[in-house]
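K.L.:
Mind having a look at this structure? Questions to follow.
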Amino acid sequence: MMNKNYRPETKCIQSGWQPKNGEPRVLPIYQSTTFKYETSDQMGRLFDLEDEGYFYSRLQNPTNDAVASKIADLEGGVAAMLTSSGQAANFFAIFNICSAGDHVVSSSTIYGGTHNLLAVTLKKLGISSTFINPDASEEEIAAAFQPNTKILFAETIANPALVVLDIEKFAKIAHSQGVPLIVDNTFATPINCRPFEWGADIVTHSTTKYMDGHAVSLGGCIVDSGNFDWDAHADKFPGLTEPDDSYHGITYTEKFGKAAYITKATVQLMRDLGSVQSPNNAFLLNIGLETLHLRVPRHCENAQAVAEFLESNDKVAWVNYPGLKSNKYYDLAKKYMPTGTCGVISFGLKGGREVTPGFMDSLELAAIVTHVADARTSVLHPASHTHRQMNDEQLAEAGVDPALIRLSVGIENVQDIIADLQQALDKI
Ligand SMILES: *Cc1c(COP(=O)(O)O)cnc(C)c1O
């Protein structure tokens, strides 16, 4: 691990891979499923978690570990684990401390895939969820807790609703209920917000988005702050505080202390469920991370200019971007993300749903893709794409305006992005 006093820009470049004398300067891809030992006993001790070391890439791989430790450093956590996707990260983060009969309280304004995971798939495994309005009062949110609740879950900036989370409020509620706050920090990235500084306990990422930043590799990450006191709530978290039969009765909190949560996720969940990130993808992710501190501010600067342009255009009905003074979340964004929020904007045209597909087809620079947080400007119309099977009534229930356009502002020259939007607006 790096010197914690380095600033984020330096950590983006220097954290993670620490070559010893004569080793490659640049993080190598350990393209190997397995690792060699001289004695049978050495290998046996690894299986008993008595020694640290690599033996099989489904559990741990040196390339992945170097990249995970860079992300842990950026977030200010004790340890991290890479996963094959953001979906896998959120699933593991939850399943690591929830089992059949348990319950999750989650913000209702979260990524559609995570909503499905909680509302449909985890329910099949016996884990139920209650969704709450993130803007509700502390009392209202606390009222959703049950004796079997194990997690409070939310996103720092919700995709695609762009709701900014009051992290301190959420941390206070979670801790007064004796459970950790898990925050998906995909959109803000640790460049704009470090949720541990405001009381979050676990952070997750879809590294597919800004961290990779070039739309080349799927990935996810879980970071542990090491701050949650599992033993103080031992009855709620027996998976961490009681012996694990699959490791001859090891107790994670006893043996691994502050790294208990992430160690269990690695040696138990990754071992049994195997959603590991490929070392090749981790290598690409690391290259993305090296410029994260340059790209994120440019995404935000461009998005701010584009949001202001759209807000002043008379063919645009509304614009949702937390960096706009008119935005409901402007003050929260200034508090938690003083350097910027993200590059994603949503807006609607005055002509509504009817004129939207034509407007999008007229765009030349902005590409129609199912992706956000790419270096390239991209655009999506949920009512025509991700939510296509729903009628207007169903869309309203799902909180998706039929006219909503999701614009992910890239890092091209902002005048070119605005000119592209202008010529497409002129054609309506
Ligand atoms: C994209 C996304 C996910 C899912 O990540 P994948 O890498 O696509 O699996 C989860 N949370 C948020 C906030 C996202 O934007």
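As shown in the structure tokens, the chain order sets the letters A, B, ...; within each chain, residues go from 1, and ligands are also counted from 1 in the order they appear.
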Where in segment 166-338 of chain A does DSSP assign strand (DSSP E), given as a ChimeraX atom specification?
P.N.:
/A:181-184,202-206,220-224,316-320
K.L.:
Pull C-alpha atoms from the residues just selected and write them as an mmCIF file, in the first residue's frame.
P.N.:
data_model
loop_
_atom_site.group_PDB
_atom_site.id
_atom_site.type_symbol
_atom_site.label_atom_id
_atom_site.label_comp_id
_atom_site.auth_asym_id
_atom_site.auth_seq_id
_atom_site.Cartn_x
_atom_site.Cartn_y
_atom_site.Cartn_z
ATOM 1 C CA LEU A 181 -24.005 1.611 4.882
ATOM 2 C CA ILE A 182 -23.060 0.268 1.445
ATOM 3 C CA VAL A 183 -22.702 2.937 -1.233
ATOM 4 C CA ASP A 184 -22.303 2.445 -4.979
ATOM 5 C CA ILE A 202 -18.446 -0.368 2.146
ATOM 6 C CA VAL A 203 -18.117 1.142 -1.332
ATOM 7 C CA THR A 204 -18.901 -0.628 -4.603
ATOM 8 C CA HIS A 205 -18.109 0.306 -8.192
ATOM 9 C CA SER A 206 -18.965 -0.624 -11.704
ATOM 10 C CA GLY A 220 -16.510 -4.178 -10.652
ATOM 11 C CA CYS A 221 -14.908 -3.538 -7.291
ATOM 12 C CA ILE A 222 -15.793 -3.744 -3.591
ATOM 13 C CA VAL A 223 -13.829 -1.594 -1.133
ATOM 14 C CA ASP A 224 -13.914 -2.115 2.634
ATOM 15 C CA VAL A 316 -35.726 21.995 -24.179
ATOM 16 C CA ALA A 317 -38.465 21.463 -21.568
ATOM 17 C CA TRP A 318 -36.279 20.548 -18.591
ATOM 18 C CA VAL A 319 -32.703 19.633 -17.637
ATOM 19 C CA ASN A 320 -31.598 17.504 -14.684
#
K.L.:
May I ask you to write as a ChimeraX atom specification all residues lying at most 9 Å from ligand 1, with only C-alpha atoms and all ligand atoms counted?
P.N.:
/A:84-90,110-114,155-160,184-187,204-209,217-220,371-373
K.L.:
Find the residue from A:His387, A:Lys325, A:Arg271, A:Lys350 that sits nearest to Arg58 of chain A; use only C-alpha atoms when measuring.
P.N.:
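Of all the options, A:Arg271 lies closest to Arg58 of chain A.
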K.L.:
Env of segment 231-247 of chain A: 10 Å cut, atoms = only C-alpha atoms, seq-sep filter 6 positions within chain, self excluded. Answer as a list in words.
P.N.:
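Counting only C-alpha atoms, the residues come to Phe47, Asp48, Leu49, Asn96, Ile97, Cys98, Ser99, Asp102, Pro147, Asn148, Thr149, Lys150, Gln177, Gly178, Val179, Thr253, Glu254, Phe256, Gly257, Ala260, Tyr261, Thr263, Lys264, Val267 and Gln268 of chain A.
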K.L.:
Near Leu46 of chain A, counting only C-alpha atoms, which residues have an atom at most 12 Å away, once you skip same-chain residues fewer than 5 positions from it, shown as an MDAnalysis selection string?
P.N.:
chainID A and resid 35:37 39:41 51:56 59:60 247 267
K.L.:
Figure out the distance between atom CA of Asp361 of chain A and atom CA of Asp401 of chain A, please, to one decimal in Å.
P.N.:
19.4 Å
K.L.:
What is the distance between atom CA of Ser107 of chain A and atom CA of Asp166 of chain A, in Å to one decimal?
P.N.:
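Pair atom CA of Ser107 of chain A / atom CA of Asp166 of chain A returns 11.2 Å.
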K.L.:
Would you compute the distance between atom CA of Gln304 of chain A and atom CA of Leu425 of chain A? Give it in Å to one decimal.
P.N.:
18.5 Å
K.L.:
Env of segment 136-143 of chain A: 8 Å cut, atoms = only C-alpha atoms, seq-sep filter 3 positions within chain, self excluded. Answer as a list of chain:residue names.
P.N.:
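Contacts, with the query itself left out: A:Ile132, A:Asn133, A:Lys169, A:Phe170, A:Ile173, A:Gln177.
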K.L.:
Check the DSSP output for the backbone and give back, as number ranges by chain, the residues of segment 51-246 of chain A in helix (DSSP H, G or I).
P.N.:
A: 62-75, 86-95, 112-124, 138-142, 167-176, 189-192, 195-198, 230-233, 238-241, 245-246
